[in-house]
Amino acid sequence: MSYSIWNAFQKEAGAELLKLLRAPEFFIPTLVMPSGFYALFAIALPGSNQNAEYMLATFGVFAVMGPSLFGFGVGVANERARGWLDLKRASPAPGIVYIASKLTATLLFASVSLGLVYVIAGFGAGVVMEREVWVSLFGVQLLASLPFVLLGLTLGFSFESNAAVAVTNLVFMVMSALGGLWIPVVIFPPALQSIAQLLPSYHLAEIALFVGQAPGTHHVMQSLVVVLAMTGGLAALALFSWARQRSS
Amino acid sequence: MLDEKTNQPAIIATNLVKTFGRTRALDGVDLEISAGGITALLGSNGAGKTTLINCALGLTAQSKGDIRVLGQKSGHALARQSTGAMLQNSDLPDLLTARENIELMASYYPDPRALDEVLDLCEMREFCDVQYKKLSGGQKRRVQFALAIVGRPRLIFLDEPTTGLDSDARRILWKTVRTLAEQNVTIILTTHYLEEADALADRIIVMNEGRIIADAPTTEIRDTVGGALIRCVTRINARQLATLSAVRSVNFAGRFVEILSADAVASLRALLEIDPELSDLTIERPSLEEAFLGLTNRANGKTDP
């Protein structure tokens with residue numbers, strides 16, 4: 001057991017994965033829900049086949065959002081409430097190792113969740129795309145977890161553990177439903193459409209739709225700028241909430 | 001005495017103040033703890049023991065004053081590398097085993113102890129592969145203790161380490177603490193139990209309402225808070241009782257009066273002289289609370305409630 005940040009990171013990331021694998025009541029629903037919903041919307045419902053490609057883009061964002069929001073929002077709030085973070089702060093553990101390890105576990109988890117959706121899309125819903133498109137869509141959707149991770153961190157630092165579960169669930173539902181991840185925003189009434197413009201989930205879905213070459217026009221540049229700005233804002237918010245809970 | 005690795009005293013606090021809203025949790029603490037030895041912080045709940053430790057660990061920022069740990073600003077990375085801690089309310093990840101928790105904490109330190117050494121020192125092989133959430137309360141505290149020592153720290157903070165431990169577990173922990181002290185590690189612990197301070201510490205610091213009200217080698221403190229508790233029913237009032245020979249403090253509990261005395265025979269002789277009719281008399285060794293009541297009442301400048 002010798003010291004280096006790399007060694008600490010390996011141990012910590014391993015511990016994060018173990019914690020995840022030992023909580024099947026968390027990881028199974030989180031894994032199954034996106035692919036299950038996708039199968040329902042893109043295969044089972046009548047007339048759904050022509051939407052399979054469109055929904056692959058939006059459900060992929062949905063699939064990475066769950067692990068990111070819950071892993072950080074609920075996970076951090078819990079570990080803070082039980083005093084585990086205090087003990088880590090008193091120890092020489094670098095804060096960056098904690099975040100990096102959680103992020104690694106989350107991205108791995110999100111990849112599996114995303115992979116399940118892709119398997120259903122490719123083999124069940126008959127989505128046909130070129131290999132480069134599959135790969136770039138995967139990359140974009142995996143990167144989409146970053147703003148949600150930052151949002152989750154903010155929630156985890158701001159709420160006590162029980163409240164964090166409730167608030168994270170609420171955020172998750174709003175982001176999914178109003179961001180157009182389940183049902184296309186274009187069929188929303190105008191008022192709801194303008195709310196969608198305020199949500200990172202909507203803009204991330206727009207980018208994914210563009211990259212996945214889904215039907216319809218997608219303002220990719222505009223959404224990209226909005227997403228970058230929102231991610232910056234969420235990073236600032238996460239830093240602020242971290243500093244605030246630290247000093248209390 | 002300076003620490004042999006860092007060449008610094010363990011703790012130097014200068015006029016340390018911490019306020020929470022209107023409460024002064026620490027109210028001007030001046031303190032130097034040299035390296036090596038076991039120091040016990042005693043005091044009732046809210047006396048400021050935990051706040052002092054949290055300031056030393058850099059978990060709580062002081063409102064005023066200064067605290068240096070092994071020559072560093074508290075919370076500095078170099079200080080943390082040489083520090084181990086067992087906090088009062090700090091649970092470990094539920095789904096990791098004791099072994100995994102220890103290995104994780106070890107990975108943060110530059111020169112940690114080997115896992116086997118920790119398991120032997122803490123005598124916890126039998127439950128080291130059980131998930132933390134399945135351990136008993138006492139076993140959980142023992143894993144937390146193992147985490148405090150795995151980094152081979154020069155300075156160890158133990159905040160009420162034996163609360164909730166059975167006598168066997170307490171004996172093991174005391175033994176380990178003594179072993180570490182023999183290796184010139186500095187240990188600072190808080191406790192409610194006078195016998196624990198008595199059994200372990202070379203120096204006792206008594207805190208009350210954010211101040212240090214007594215600070216002396218263990219043998220001296222024991223004499224100060226020792227004595228006897230006289231309990232009886234008497235018609236003599238508190239002021240007069242307080243003037244009797246060897247009386248330290250007087251408290252009323254219902255119809256009883258409790259007199260803390262440095263010399264029970266002398267106090268009782270004087271008391272019987274002025275009140276031959278006193279009744280329901282018992283004499284016992286004071287518990288820690290009663291001994292403290294004596295000390296803290298004096299610190300607060302009052303003799304009866």
# chains A, B, ... in the order shown; residues from 1 in each chain; ligands from 1
>>> residues_around(residues="Val226 in chain A", least_positions_apart="5", cutoff="9 Å", atoms="only C-alpha atoms", output="JSON, numbers by chain")
{"A": [200, 203, 221, 231]}
>>> interface_residues(of="chain A", to="chain B", cutoff="8 Å", atoms="only C-alpha atoms", output="list in words")
Met1, Ser2, Tyr3, Ser4, Ile5, Asn7, Ala8, Lys11, Glu12, Ala15, Leu18, Lys19, Arg22, Ala23, Glu79, Arg82, Gly83, Trp84, Asp86, Leu87, Arg89, Ala90, Ser91, Pro92, Ala93, Pro94, Arg246, Ser247 and Ser248 of chain A
>>> select_by_dssp(residues="range 1-247 of chain A", states="alpha helix (DSSP H)", output="ChimeraX atom specification")
/A:5-21,24-39,52-81,84-90,95-119,131-143,145-158,161-178,190-196,200-211,220-247
>>> residues_around(residues="range 186-195 of chain A", least_positions_apart="3", cutoff="12 Å", atoms="only C-alpha atoms", output="MDAnalysis selection string")
chainID A and resid 174:175 177:183 198:203 206 216:218
>>> closest_residue(among="B:Arg269, B:Lys175, B:Arg231, B:Lys18", to="Thr282 in chain B", atoms="only C-alpha atoms")
B:Arg231
>>> closest_residue(among="B:Ile187, B:Ala270, B:Val29, B:Ala146", to="Ala13 in chain B", atoms="only C-alpha atoms")
B:Val29
>>> residues_around(residues="range 138-147 of chain A", least_positions_apart="5", cutoff="6 Å", atoms="only C-alpha atoms", output="PyMOL selection string")
chain A and resi 61+64-65+68+231
>>> residues_around(residues="Glu209 in chain B", least_positions_apart="5", cutoff="12 Å", atoms="only C-alpha atoms", output="mmCIF file with N, CA and C atoms, in the first residue's frame")
data_model
loop_
_atom_site.group_PDB
_atom_site.id
_atom_site.type_symbol
_atom_site.label_atom_id
_atom_site.label_comp_id
_atom_site.auth_asym_id
_atom_site.auth_seq_id
_atom_site.Cartn_x
_atom_site.Cartn_y
_atom_site.Cartn_z
ATOM 1 N N VAL B 17 -11.268 31.242 19.412
ATOM 2 C CA VAL B 17 -12.682 31.543 19.641
ATOM 3 C C VAL B 17 -13.486 30.959 18.491
ATOM 4 N N LYS B 18 -14.589 30.285 18.829
ATOM 5 C CA LYS B 18 -15.519 29.841 17.790
ATOM 6 C C LYS B 18 -16.935 30.152 18.242
ATOM 7 N N THR B 19 -17.636 30.927 17.441
ATOM 8 C CA THR B 19 -19.025 31.239 17.788
ATOM 9 C C THR B 19 -19.955 30.599 16.762
ATOM 10 N N THR B 23 -23.890 31.558 20.411
ATOM 11 C CA THR B 23 -23.190 30.664 21.340
ATOM 12 C C THR B 23 -21.688 30.748 21.116
ATOM 13 N N ARG B 24 -20.961 30.868 22.202
ATOM 14 C CA ARG B 24 -19.508 30.836 22.094
ATOM 15 C C ARG B 24 -19.042 29.421 22.447
ATOM 16 N N ALA B 25 -18.881 28.593 21.420
ATOM 17 C CA ALA B 25 -18.486 27.198 21.645
ATOM 18 C C ALA B 25 -17.060 27.132 22.168
ATOM 19 N N LEU B 26 -16.214 28.026 21.673
ATOM 20 C CA LEU B 26 -14.872 28.173 22.224
ATOM 21 C C LEU B 26 -14.703 29.639 22.575
ATOM 22 N N ASP B 27 -14.264 29.885 23.784
ATOM 23 C CA ASP B 27 -14.285 31.253 24.281
ATOM 24 C C ASP B 27 -12.882 31.653 24.757
ATOM 25 N N GLY B 28 -11.941 31.688 23.817
ATOM 26 C CA GLY B 28 -10.598 32.101 24.177
ATOM 27 C C GLY B 28 -9.783 30.972 24.777
ATOM 28 N N VAL B 29 -9.466 29.967 23.935
ATOM 29 C CA VAL B 29 -8.692 28.830 24.426
ATOM 30 C C VAL B 29 -7.215 29.039 24.102
ATOM 31 N N LEU B 42 -11.767 16.596 29.052
ATOM 32 C CA LEU B 42 -12.964 16.220 29.800
ATOM 33 C C LEU B 42 -13.917 17.409 29.842
ATOM 34 N N GLY B 43 -15.185 17.104 29.996
ATOM 35 C CA GLY B 43 -16.154 18.185 30.124
ATOM 36 C C GLY B 43 -17.525 17.667 29.758
ATOM 37 N N SER B 44 -18.558 18.373 30.196
ATOM 38 C CA SER B 44 -19.914 17.918 29.904
ATOM 39 C C SER B 44 -20.222 18.211 28.442
ATOM 40 N N ASN B 45 -21.402 17.775 27.968
ATOM 41 C CA ASN B 45 -21.814 18.083 26.604
ATOM 42 C C ASN B 45 -21.883 19.596 26.430
ATOM 43 N N GLY B 46 -21.392 20.075 25.293
ATOM 44 C CA GLY B 46 -21.452 21.504 25.043
ATOM 45 C C GLY B 46 -20.310 22.273 25.679
ATOM 46 N N ALA B 47 -19.335 21.553 26.244
ATOM 47 C CA ALA B 47 -18.218 22.247 26.888
ATOM 48 C C ALA B 47 -17.233 22.813 25.863
ATOM 49 N N GLY B 48 -17.271 22.266 24.638
ATOM 50 C CA GLY B 48 -16.381 22.768 23.593
ATOM 51 C C GLY B 48 -15.311 21.777 23.162
ATOM 52 N N LYS B 49 -15.357 20.552 23.697
ATOM 53 C CA LYS B 49 -14.320 19.557 23.378
ATOM 54 C C LYS B 49 -14.315 19.221 21.878
ATOM 55 N N THR B 51 -15.718 20.852 19.411
ATOM 56 C CA THR B 51 -15.400 22.023 18.586
ATOM 57 C C THR B 51 -13.896 22.241 18.527
ATOM 58 N N LEU B 52 -13.228 22.066 19.655
ATOM 59 C CA LEU B 52 -11.777 22.228 19.691
ATOM 60 C C LEU B 52 -11.113 21.227 18.746
ATOM 61 N N THR B 296 -17.083 22.763 37.700
ATOM 62 C CA THR B 296 -17.686 23.759 36.826
ATOM 63 C C THR B 296 -18.447 24.806 37.622
ATOM 64 N N ASN B 297 -19.040 24.410 38.738
ATOM 65 C CA ASN B 297 -19.714 25.407 39.571
ATOM 66 C C ASN B 297 -18.729 26.443 40.063
ATOM 67 N N ALA B 299 -16.009 27.225 38.547
ATOM 68 C CA ALA B 299 -15.607 28.030 37.391
ATOM 69 C C ALA B 299 -16.652 29.096 37.102
ATOM 70 N N ASN B 300 -17.923 28.746 37.318
ATOM 71 C CA ASN B 300 -18.992 29.697 37.043
ATOM 72 C C ASN B 300 -19.238 30.628 38.222
#
>>> closest_residue(among="A:Ala208, A:Leu114, A:Leu234, A:Ala77", to="Ala163 in chain A", atoms="only C-alpha atoms")
A:Ala77
>>> closest_residue(among="A:Ala63, A:Ala42, A:Val117, A:Val74", to="Glu160 in chain A", atoms="only C-alpha atoms")
A:Val74
>>> atom_distance(atom1="CA of Val265 in chain B", atom2="CA of Leu229 in chain B")
11.1 Å
>>> closest_residue(among="A:Met230, A:Val211, A:Val220, A:Leu40", to="Ser136 in chain A", atoms="only C-alpha atoms")
A:Val211
>>> closest_residue(among="A:Leu107, A:Leu45, A:Val32, A:Leu20", to="Gly75 in chain A", atoms="only C-alpha atoms")
A:Leu20
>>> residues_around(residues="Phe240 in chain A", least_positions_apart="4", cutoff="12 Å", atoms="only C-alpha atoms", output="list of chain:residue names")
A:Leu150, A:Leu151, A:Leu153, A:Thr154, A:Leu155, A:Phe157, A:Ser158, A:Gly233, A:Leu234, A:Ala235, A:Ala236, A:Arg244, A:Gln245, A:Arg246, A:Ser247
>>> residues_around(residues="Val128 in chain A", least_positions_apart="3", cutoff="9 Å", atoms="only C-alpha atoms", output="mmCIF file with C-alpha atoms, in the first residue's frame")
data_model
loop_
_atom_site.group_PDB
_atom_site.id
_atom_site.type_symbol
_atom_site.label_atom_id
_atom_site.label_comp_id
_atom_site.auth_asym_id
_atom_site.auth_seq_id
_atom_site.Cartn_x
_atom_site.Cartn_y
_atom_site.Cartn_z
ATOM 1 C CA GLU A 53 -34.232 6.618 -34.426
ATOM 2 C CA ALA A 121 -32.417 0.022 -30.775
ATOM 3 C CA GLY A 122 -30.185 -2.019 -33.064
#
>>> select_by_dssp(residues="range 31-227 of chain B", states="strand (DSSP E or B)", output="VMD selection string")
chain B and resid 31 to 33 38 to 42 64 to 69 72 to 73 83 to 86 97 131 155 to 159 186 to 191 203 to 208 211 to 217
>>> atom_distance(atom1="CA of Val112 in chain A", atom2="CA of Phe62 in chain A")
13.0 Å
>>> atom_distance(atom1="CA of Ala110 in chain A", atom2="CA of Leu56 in chain A")
14.7 Å
